[in-house]
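coords28.txt, holding compact mmCIF, C-alpha atoms:
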```txt
# COMPACT_ATOMS: atom_id res chain seq x y z
CA MET A 1 132.90 143.99 146.03
CA ALA A 2 136.36 145.27 145.12
CA ARG A 3 137.92 142.20 146.72
CA LEU A 4 135.65 139.89 144.71
CA GLU A 5 136.51 141.79 141.50
CA GLN A 6 140.22 141.37 142.25
CA SER A 7 139.70 137.65 142.79
CA ILE A 8 137.79 137.37 139.51
CA ALA A 9 140.61 139.10 137.62
CA ARG A 10 143.21 136.79 139.16
CA VAL A 11 141.19 133.61 138.59
CA GLY A 12 140.57 134.59 134.96
CA SER A 13 144.29 134.34 134.29
CA PHE A 14 144.48 130.73 135.53
CA ASP A 15 143.09 127.72 133.74
CA CYS A 16 141.77 125.70 136.66
CA SER A 17 138.48 124.53 138.11
CA VAL A 18 136.65 127.13 140.17
CA LEU A 19 133.98 126.54 142.80
CA VAL A 20 131.68 129.51 143.43
CA THR A 21 129.51 129.27 146.53
CA GLY A 22 126.85 131.50 148.01
CA GLU A 23 123.17 131.83 148.75
CA THR A 24 120.56 131.49 146.04
CA GLY A 25 120.31 134.71 144.04
CA CYS A 26 123.62 136.22 145.15
CA GLY A 27 125.08 136.31 141.62
CA LYS A 28 127.16 133.14 141.25
CA GLU A 29 126.51 132.90 137.51
CA GLU A 30 127.42 136.57 137.09
CA VAL A 31 130.74 135.83 138.83
CA ALA A 32 131.30 132.92 136.41
CA ARG A 33 130.52 135.16 133.42
CA ALA A 34 132.91 137.80 134.79
CA ILE A 35 135.68 135.18 135.08
CA HIS A 36 134.99 134.21 131.47
CA ALA A 37 135.10 137.83 130.29
CA ALA A 38 138.31 138.60 132.21
CA GLY A 39 140.07 135.36 131.44
CA THR A 40 142.21 133.75 128.82
CA ARG A 41 139.18 131.83 127.53
CA SER A 42 137.07 134.92 126.78
CA HIS A 43 137.35 134.15 123.05
CA GLY A 44 135.65 130.78 123.58
CA PRO A 45 132.06 129.92 124.42
CA PHE A 46 130.40 130.16 127.82
CA VAL A 47 128.04 127.20 128.24
CA ALA A 48 125.80 127.05 131.31
CA VAL A 49 124.15 123.85 132.54
CA ASN A 50 121.70 123.83 135.44
CA CYS A 51 122.52 120.51 137.14
CA GLY A 52 119.48 120.85 139.41
CA GLY A 53 117.07 121.22 136.52
CA VAL A 54 118.17 118.19 134.51
CA VAL A 55 116.39 114.86 134.67
CA ALA A 56 118.90 112.30 135.98
CA SER A 57 118.33 109.92 133.07
CA LEU A 58 119.15 112.65 130.54
CA ALA A 59 122.03 114.33 132.39
CA GLU A 60 124.80 112.12 131.00
CA GLY A 61 123.80 112.78 127.39
CA LEU A 62 123.39 116.49 128.09
CA LEU A 63 126.92 116.77 129.51
CA PHE A 64 128.87 114.27 127.42
CA GLY A 65 126.77 113.89 124.28
CA HIS A 66 125.47 110.75 122.62
CA VAL A 67 125.79 108.86 119.36
CA LYS A 68 122.96 108.17 116.97
CA GLY A 69 120.95 105.15 118.12
CA ALA A 70 122.36 105.19 121.67
CA PHE A 71 118.82 105.14 123.07
CA THR A 72 115.24 105.38 121.89
CA GLY A 73 114.76 108.74 120.25
CA ALA A 74 118.46 109.36 119.55
CA ASP A 75 117.87 109.96 115.84
CA GLU A 76 121.14 111.83 115.46
CA SER A 77 124.35 112.34 117.42
CA ALA A 78 124.69 115.23 119.86
CA GLY A 79 127.92 116.75 121.14
CA GLY A 80 126.88 117.61 124.70
CA ALA A 81 127.79 120.58 126.89
CA PHE A 82 131.48 119.68 127.31
CA ARG A 83 132.06 119.67 123.57
CA ALA A 84 129.92 122.79 123.08
CA ALA A 85 132.17 124.60 125.57
CA HIS A 86 135.40 123.44 123.87
CA GLY A 87 137.94 126.26 124.09
CA GLY A 88 135.83 128.14 126.64
CA ILE A 89 134.09 127.70 129.95
CA LEU A 90 131.53 125.16 131.10
CA PHE A 91 129.47 126.53 133.99
CA LEU A 92 127.86 123.82 136.13
CA ASP A 93 125.20 125.61 138.15
CA GLU A 94 123.82 123.85 141.24
CA VAL A 95 126.48 121.15 140.97
CA GLY A 96 125.54 119.98 144.48
CA GLU A 97 122.32 118.59 143.02
CA MET A 98 124.10 116.42 140.46
CA PRO A 99 123.01 112.76 140.72
CA LEU A 100 125.54 110.67 142.65
CA ASP A 101 125.85 108.09 139.85
CA LEU A 102 126.88 110.80 137.36
CA GLN A 103 129.59 112.28 139.59
CA PRO A 104 132.31 109.68 138.77
CA LYS A 105 131.83 110.38 135.05
CA LEU A 106 132.19 114.11 135.66
CA LEU A 107 135.30 113.46 137.75
CA ARG A 108 136.82 111.38 134.94
CA ALA A 109 136.05 114.09 132.37
CA LEU A 110 137.81 116.66 134.56
CA GLN A 111 140.83 114.45 135.23
CA GLN A 112 141.33 113.04 131.74
CA ARG A 113 140.09 116.09 129.81
CA GLU A 114 137.97 113.83 127.64
CA VAL A 115 134.37 112.64 127.48
CA VAL A 116 132.80 109.42 126.28
CA PRO A 117 129.44 110.05 124.60
CA VAL A 118 126.53 107.81 125.59
CA GLY A 119 126.52 104.77 123.31
CA SER A 120 130.19 105.09 122.39
CA SER A 121 133.41 103.66 123.75
CA VAL A 122 135.63 106.19 122.02
CA PRO A 123 136.79 109.08 124.22
CA VAL A 124 136.67 112.58 122.74
CA PRO A 125 139.23 115.16 123.95
CA VAL A 126 137.81 118.39 125.38
CA ASP A 127 139.51 121.63 126.30
CA VAL A 128 137.32 123.40 128.84
CA GLN A 129 137.64 125.26 132.10
CA VAL A 130 134.94 124.23 134.53
CA ILE A 131 133.32 126.67 136.91
CA ALA A 132 130.87 125.03 139.30
CA ALA A 133 128.43 126.82 141.58
CA THR A 134 126.29 125.76 144.49
CA ASN A 135 124.34 127.12 147.41
CA ARG A 136 124.95 123.91 149.35
CA ASP A 137 127.73 123.12 151.80
CA LEU A 138 129.51 120.49 149.73
CA THR A 139 131.68 119.40 152.67
CA ALA A 140 128.49 118.51 154.56
CA GLU A 141 127.15 116.81 151.41
CA VAL A 142 130.34 114.69 151.28
CA GLU A 143 129.93 113.74 154.94
CA ALA A 144 126.30 112.78 154.28
CA GLY A 145 127.33 110.59 151.31
CA ARG A 146 125.54 112.73 148.71
CA PHE A 147 128.63 114.17 147.01
CA ARG A 148 131.96 112.60 146.15
CA GLU A 149 134.96 113.89 148.06
CA ASP A 150 137.32 113.41 145.12
CA LEU A 151 135.00 115.42 142.87
CA LEU A 152 134.83 118.21 145.46
CA TYR A 153 138.62 118.22 145.59
CA ARG A 154 138.82 118.46 141.78
CA LEU A 155 136.22 121.25 141.52
CA ASN A 156 137.59 123.24 144.46
CA THR A 157 140.96 124.23 142.98
CA VAL A 158 139.96 127.86 143.51
CA HIS A 159 137.06 128.69 145.82
CA LEU A 160 135.17 131.98 145.63
CA THR A 161 132.39 132.82 148.06
CA VAL A 162 129.86 135.40 146.91
CA PRO A 163 128.32 137.20 149.87
CA PRO A 164 124.61 138.08 149.72
CA LEU A 165 123.64 141.62 148.77
CA ARG A 166 122.45 142.38 152.31
CA VAL A 167 126.11 142.42 153.43
CA ARG A 168 127.23 144.31 150.32
CA ALA A 169 125.13 147.47 150.72
CA ASP A 170 127.88 149.51 149.03
CA ASP A 171 127.10 147.65 145.77
CA ILE A 172 123.45 148.77 145.63
CA PRO A 173 124.17 152.10 143.84
CA GLN A 174 126.04 150.18 141.10
CA PHE A 175 123.03 147.88 140.63
CA VAL A 176 120.65 150.86 140.48
CA VAL A 177 122.74 152.55 137.78
CA HIS A 178 123.10 149.32 135.80
CA LEU A 179 119.43 148.33 136.02
CA SER A 180 118.21 151.89 135.30
CA GLY A 181 120.30 151.95 132.13
CA PHE A 182 119.19 148.45 131.18
CA PHE A 183 115.47 149.10 131.57
CA ALA A 184 115.44 152.73 130.33
```
Output the file's structure in the form of structure tokens.
Amino acid sequence: MARLEQSIARVGSFDCSVLVTGETGCGKEEVARAIHAAGTRSHGPFVAVNCGGVVASLAEGLLFGHVKGAFTGADESAGGAFRAAHGGILFLDEVGEMPLDLQPKLLRALQQREVVPVGSSVPVPVDVQVIAATNRDLTAEVEAGRFREDLLYRLNTVHLTVPPLRVRADDIPQFVVHLSGFFA
């Protein structure tokens, strides 16, 4: 755990994309929150999006926003997750489950540091650090044609692997103390 904490402290001082991998339930979001707390963007928001829990047809609007009238039911404009995270961190949980047709738009947002809301042609600048997490082997997903290689390259500037708790038995006393205090 000490090595992971050292990595978190170092990554927090950089402003680059981070890919956090590990089994389901190993604490990837907690690692992302720790990077936020330790980093230069701690003053900004932390916005989490579960890419696996978003309906594909709504994912673009959720991430990049939309303008009023862009689609049926768009009674007002919405900023989207990128703009909500402006100045802070956007955490893309389960990024390996992101629909393939949305991946080029995410790649463009990362490269250009701007988003184009659904129904608009005007790009909006965004200042976010992206931390993505997955329990999938994204290299295998690339080979299978389910994930874009260029997006993996862009997300994988820094790669942190979170080992499961069963191989971190020394951390269990810390969890007991934390959870006892939390639930007491």
Between region 103-133 of chain A and region 52-66 of chain A, at 9 Å or less, what are the per-residue closest atom pairs and their distances in Å? Count only C-alpha atoms, order by chain and rising residue number, and return it as a Markdown table.
```
| residue | atom | partner | partner_atom | distance |
| --- | --- | --- | --- | --- |
| A:Lys105 | CA | A:Glu60 | CA | 8.3 |
| A:Leu106 | CA | A:Leu63 | CA | 8.5 |
| A:Ala109 | CA | A:Phe64 | CA | 8.7 |
| A:Val115 | CA | A:Phe64 | CA | 5.7 |
| A:Val116 | CA | A:Phe64 | CA | 6.3 |
| A:Pro117 | CA | A:His66 | CA | 4.5 |
| A:Val118 | CA | A:His66 | CA | 4.3 |
| A:Gly119 | CA | A:His66 | CA | 6.1 |
| A:Ser120 | CA | A:His66 | CA | 7.4 |
```
Mind pulling up the distance from CA of Gly25 (chain A) to CA of Ala140 (chain A)?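 Spanning CA of Ala140 (chain A) to CA of Gly25 (chain A) is a straight-line distance of 21.0 Å.
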Minimum-distance residue to Gly44 (chain A), chosen among A:Pro125, A:Gly87, A:Gly22, A:Gly80 (using all atoms listed in the file): A:Gly87
Dump as JSON lines the rows for residues of region 56-116 of chain A within 10 Å of region 126-133 of chain A: closest atom pair and distance in Å with one decimal, only C-alpha atoms counted, ordered by chain and rising residue number.
```
{"residue": "A:Phe82", "atom": "CA", "partner": "A:Val126", "partner_atom": "CA", "distance": 6.7}
{"residue": "A:Arg83", "atom": "CA", "partner": "A:Val126", "partner_atom": "CA", "distance": 6.2}
{"residue": "A:Ala84", "atom": "CA", "partner": "A:Val126", "partner_atom": "CA", "distance": 9.3}
{"residue": "A:Ala85", "atom": "CA", "partner": "A:Val128", "partner_atom": "CA", "distance": 6.2}
{"residue": "A:His86", "atom": "CA", "partner": "A:Asp127", "partner_atom": "CA", "distance": 5.1}
{"residue": "A:Gly87", "atom": "CA", "partner": "A:Asp127", "partner_atom": "CA", "distance": 5.4}
{"residue": "A:Gly88", "atom": "CA", "partner": "A:Val128", "partner_atom": "CA", "distance": 5.4}
{"residue": "A:Ile89", "atom": "CA", "partner": "A:Gln129", "partner_atom": "CA", "distance": 4.8}
{"residue": "A:Leu90", "atom": "CA", "partner": "A:Val130", "partner_atom": "CA", "distance": 4.9}
{"residue": "A:Phe91", "atom": "CA", "partner": "A:Ile131", "partner_atom": "CA", "distance": 4.8}
{"residue": "A:Leu92", "atom": "CA", "partner": "A:Ala132", "partner_atom": "CA", "distance": 4.5}
{"residue": "A:Asp93", "atom": "CA", "partner": "A:Ala133", "partner_atom": "CA", "distance": 4.9}
{"residue": "A:Glu94", "atom": "CA", "partner": "A:Ala133", "partner_atom": "CA", "distance": 5.5}
{"residue": "A:Val95", "atom": "CA", "partner": "A:Ala133", "partner_atom": "CA", "distance": 6.0}
{"residue": "A:Gly96", "atom": "CA", "partner": "A:Ala133", "partner_atom": "CA", "distance": 8.0}
{"residue": "A:Ala109", "atom": "CA", "partner": "A:Val126", "partner_atom": "CA", "distance": 8.4}
{"residue": "A:Leu110", "atom": "CA", "partner": "A:Val130", "partner_atom": "CA", "distance": 8.1}
{"residue": "A:Gln112", "atom": "CA", "partner": "A:Val126", "partner_atom": "CA", "distance": 9.0}
{"residue": "A:Arg113", "atom": "CA", "partner": "A:Val126", "partner_atom": "CA", "distance": 5.5}
{"residue": "A:Glu114", "atom": "CA", "partner": "A:Val126", "partner_atom": "CA", "distance": 5.1}
{"residue": "A:Val115", "atom": "CA", "partner": "A:Val126", "partner_atom": "CA", "distance": 7.0}
```
So how many Å separate CA of Pro123 (chain A) and CA of Arg108 (chain A), to one decimal?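 Distance reported for this atom pair: 11.0 Å.
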Rounded to one decimal place, report the CA of Glu30 (chain A)-CA of Asn135 (chain A) distance in Å.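 Taking CA of Glu30 (chain A) as the start and CA of Asn135 (chain A) as the end point, the length is 14.3 Å.
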Quick one: what's the axis-aligned box for region 147-162 of chain A, all listed atoms, 6 Å on every side, centre and edges in Å to one decimal, as lines of an AutoDock Vina configuration file?
```
center_x = 134.8
center_y = 124.0
center_z = 144.8
size_x = 24.3
size_y = 34.8
size_z = 18.5
```
So, with only C-alpha atoms as the atoms that count, which of A:Ala144, A:Val67, A:Cys26, A:Val176 lies closest to Val124 (chain A)?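 Selected residue with least distance to Val124 (chain A): A:Val67.
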Residue contacts of region 158-170 of chain A (7 Å, only C-alpha atoms) excluding same-chain residues fewer than 5 positions away, as a ChimeraX atom specification: /A:17-23,26,28
Supply region 120-131 of chain A as a PDB file, keeping the file's coordinate frame, with all heavy atoms built in where the input has gaps.
```
ATOM      1  N   SER A 120     128.893 105.197 123.045  1.00  0.00           N
ATOM      2  CA  SER A 120     130.190 105.090 122.390  1.00  0.00           C
ATOM      3  C   SER A 120     131.210 104.569 123.392  1.00  0.00           C
ATOM      4  O   SER A 120     131.006 104.634 124.597  1.00  0.00           O
ATOM      5  CB  SER A 120     130.638 106.460 121.876  1.00  0.00           C
ATOM      6  OG  SER A 120     131.937 106.392 121.312  1.00  0.00           O
ATOM      7  N   SER A 121     132.293 104.050 122.883  1.00  0.00           N
ATOM      8  CA  SER A 121     133.410 103.660 123.750  1.00  0.00           C
ATOM      9  C   SER A 121     134.664 104.453 123.401  1.00  0.00           C
ATOM     10  O   SER A 121     135.729 104.202 123.942  1.00  0.00           O
ATOM     11  CB  SER A 121     133.674 102.154 123.619  1.00  0.00           C
ATOM     12  OG  SER A 121     133.985 101.838 122.281  1.00  0.00           O
ATOM     13  N   VAL A 122     134.500 105.401 122.496  1.00  0.00           N
ATOM     14  CA  VAL A 122     135.630 106.190 122.020  1.00  0.00           C
ATOM     15  C   VAL A 122     135.660 107.542 122.751  1.00  0.00           C
ATOM     16  O   VAL A 122     134.731 108.343 122.614  1.00  0.00           O
ATOM     17  CB  VAL A 122     135.539 106.426 120.499  1.00  0.00           C
ATOM     18  CG1 VAL A 122     136.708 107.248 120.001  1.00  0.00           C
ATOM     19  CG2 VAL A 122     135.459 105.099 119.759  1.00  0.00           C
ATOM     20  N   PRO A 123     136.708 107.788 123.533  1.00  0.00           N
ATOM     21  CA  PRO A 123     136.790 109.080 124.220  1.00  0.00           C
ATOM     22  C   PRO A 123     137.071 110.221 123.238  1.00  0.00           C
ATOM     23  O   PRO A 123     137.762 110.041 122.236  1.00  0.00           O
ATOM     24  CB  PRO A 123     137.953 108.906 125.195  1.00  0.00           C
ATOM     25  CG  PRO A 123     138.685 107.700 124.764  1.00  0.00           C
ATOM     26  CD  PRO A 123     137.809 106.902 123.855  1.00  0.00           C
ATOM     27  N   VAL A 124     136.505 111.382 123.563  1.00  0.00           N
ATOM     28  CA  VAL A 124     136.670 112.580 122.740  1.00  0.00           C
ATOM     29  C   VAL A 124     137.371 113.637 123.595  1.00  0.00           C
ATOM     30  O   VAL A 124     136.881 113.984 124.671  1.00  0.00           O
ATOM     31  CB  VAL A 124     135.299 113.113 122.268  1.00  0.00           C
ATOM     32  CG1 VAL A 124     135.457 114.396 121.471  1.00  0.00           C
ATOM     33  CG2 VAL A 124     134.553 112.054 121.485  1.00  0.00           C
ATOM     34  N   PRO A 125     138.530 114.132 123.160  1.00  0.00           N
ATOM     35  CA  PRO A 125     139.230 115.160 123.950  1.00  0.00           C
ATOM     36  C   PRO A 125     138.422 116.448 124.031  1.00  0.00           C
ATOM     37  O   PRO A 125     137.768 116.842 123.061  1.00  0.00           O
ATOM     38  CB  PRO A 125     140.532 115.395 123.192  1.00  0.00           C
ATOM     39  CG  PRO A 125     140.584 114.399 122.097  1.00  0.00           C
ATOM     40  CD  PRO A 125     139.240 113.782 121.942  1.00  0.00           C
ATOM     41  N   VAL A 126     138.466 117.088 125.200  1.00  0.00           N
ATOM     42  CA  VAL A 126     137.810 118.390 125.380  1.00  0.00           C
ATOM     43  C   VAL A 126     138.772 119.336 126.083  1.00  0.00           C
ATOM     44  O   VAL A 126     139.583 118.927 126.912  1.00  0.00           O
ATOM     45  CB  VAL A 126     136.500 118.266 126.196  1.00  0.00           C
ATOM     46  CG1 VAL A 126     135.426 117.565 125.399  1.00  0.00           C
ATOM     47  CG2 VAL A 126     136.710 117.570 127.517  1.00  0.00           C
ATOM     48  N   ASP A 127     138.681 120.580 125.708  1.00  0.00           N
ATOM     49  CA  ASP A 127     139.510 121.630 126.300  1.00  0.00           C
ATOM     50  C   ASP A 127     138.572 122.665 126.896  1.00  0.00           C
ATOM     51  O   ASP A 127     138.120 123.575 126.197  1.00  0.00           O
ATOM     52  CB  ASP A 127     140.407 122.243 125.225  1.00  0.00           C
ATOM     53  CG  ASP A 127     141.202 123.422 125.740  1.00  0.00           C
ATOM     54  OD1 ASP A 127     141.479 123.481 126.952  1.00  0.00           O
ATOM     55  OD2 ASP A 127     141.542 124.300 124.923  1.00  0.00           O
ATOM     56  N   VAL A 128     138.229 122.488 128.169  1.00  0.00           N
ATOM     57  CA  VAL A 128     137.320 123.400 128.840  1.00  0.00           C
ATOM     58  C   VAL A 128     137.850 123.746 130.229  1.00  0.00           C
ATOM     59  O   VAL A 128     138.588 122.966 130.832  1.00  0.00           O
ATOM     60  CB  VAL A 128     135.891 122.832 128.997  1.00  0.00           C
ATOM     61  CG1 VAL A 128     135.261 122.538 127.663  1.00  0.00           C
ATOM     62  CG2 VAL A 128     135.874 121.609 129.877  1.00  0.00           C
ATOM     63  N   GLN A 129     137.466 124.918 130.694  1.00  0.00           N
ATOM     64  CA  GLN A 129     137.640 125.260 132.100  1.00  0.00           C
ATOM     65  C   GLN A 129     136.275 125.113 132.724  1.00  0.00           C
ATOM     66  O   GLN A 129     135.282 125.588 132.168  1.00  0.00           O
ATOM     67  CB  GLN A 129     138.148 126.695 132.274  1.00  0.00           C
ATOM     68  CG  GLN A 129     138.312 127.077 133.733  1.00  0.00           C
ATOM     69  CD  GLN A 129     138.797 128.517 133.915  1.00  0.00           C
ATOM     70  OE1 GLN A 129     138.840 129.301 132.984  1.00  0.00           O
ATOM     71  NE2 GLN A 129     139.155 128.843 135.129  1.00  0.00           N
ATOM     72  N   VAL A 130     136.216 124.448 133.865  1.00  0.00           N
ATOM     73  CA  VAL A 130     134.940 124.230 134.530  1.00  0.00           C
ATOM     74  C   VAL A 130     134.822 125.170 135.713  1.00  0.00           C
ATOM     75  O   VAL A 130     135.723 125.261 136.543  1.00  0.00           O
ATOM     76  CB  VAL A 130     134.782 122.763 134.983  1.00  0.00           C
ATOM     77  CG1 VAL A 130     133.533 122.587 135.834  1.00  0.00           C
ATOM     78  CG2 VAL A 130     134.732 121.843 133.770  1.00  0.00           C
ATOM     79  N   ILE A 131     133.693 125.869 135.745  1.00  0.00           N
ATOM     80  CA  ILE A 131     133.320 126.670 136.910  1.00  0.00           C
ATOM     81  C   ILE A 131     132.028 126.052 137.429  1.00  0.00           C
ATOM     82  O   ILE A 131     131.053 125.923 136.683  1.00  0.00           O
ATOM     83  CB  ILE A 131     133.112 128.144 136.553  1.00  0.00           C
ATOM     84  CG1 ILE A 131     134.389 128.736 135.965  1.00  0.00           C
ATOM     85  CG2 ILE A 131     132.665 128.930 137.789  1.00  0.00           C
ATOM     86  CD1 ILE A 131     134.244 130.176 135.483  1.00  0.00           C
TER      87      ILE A 131
END
```
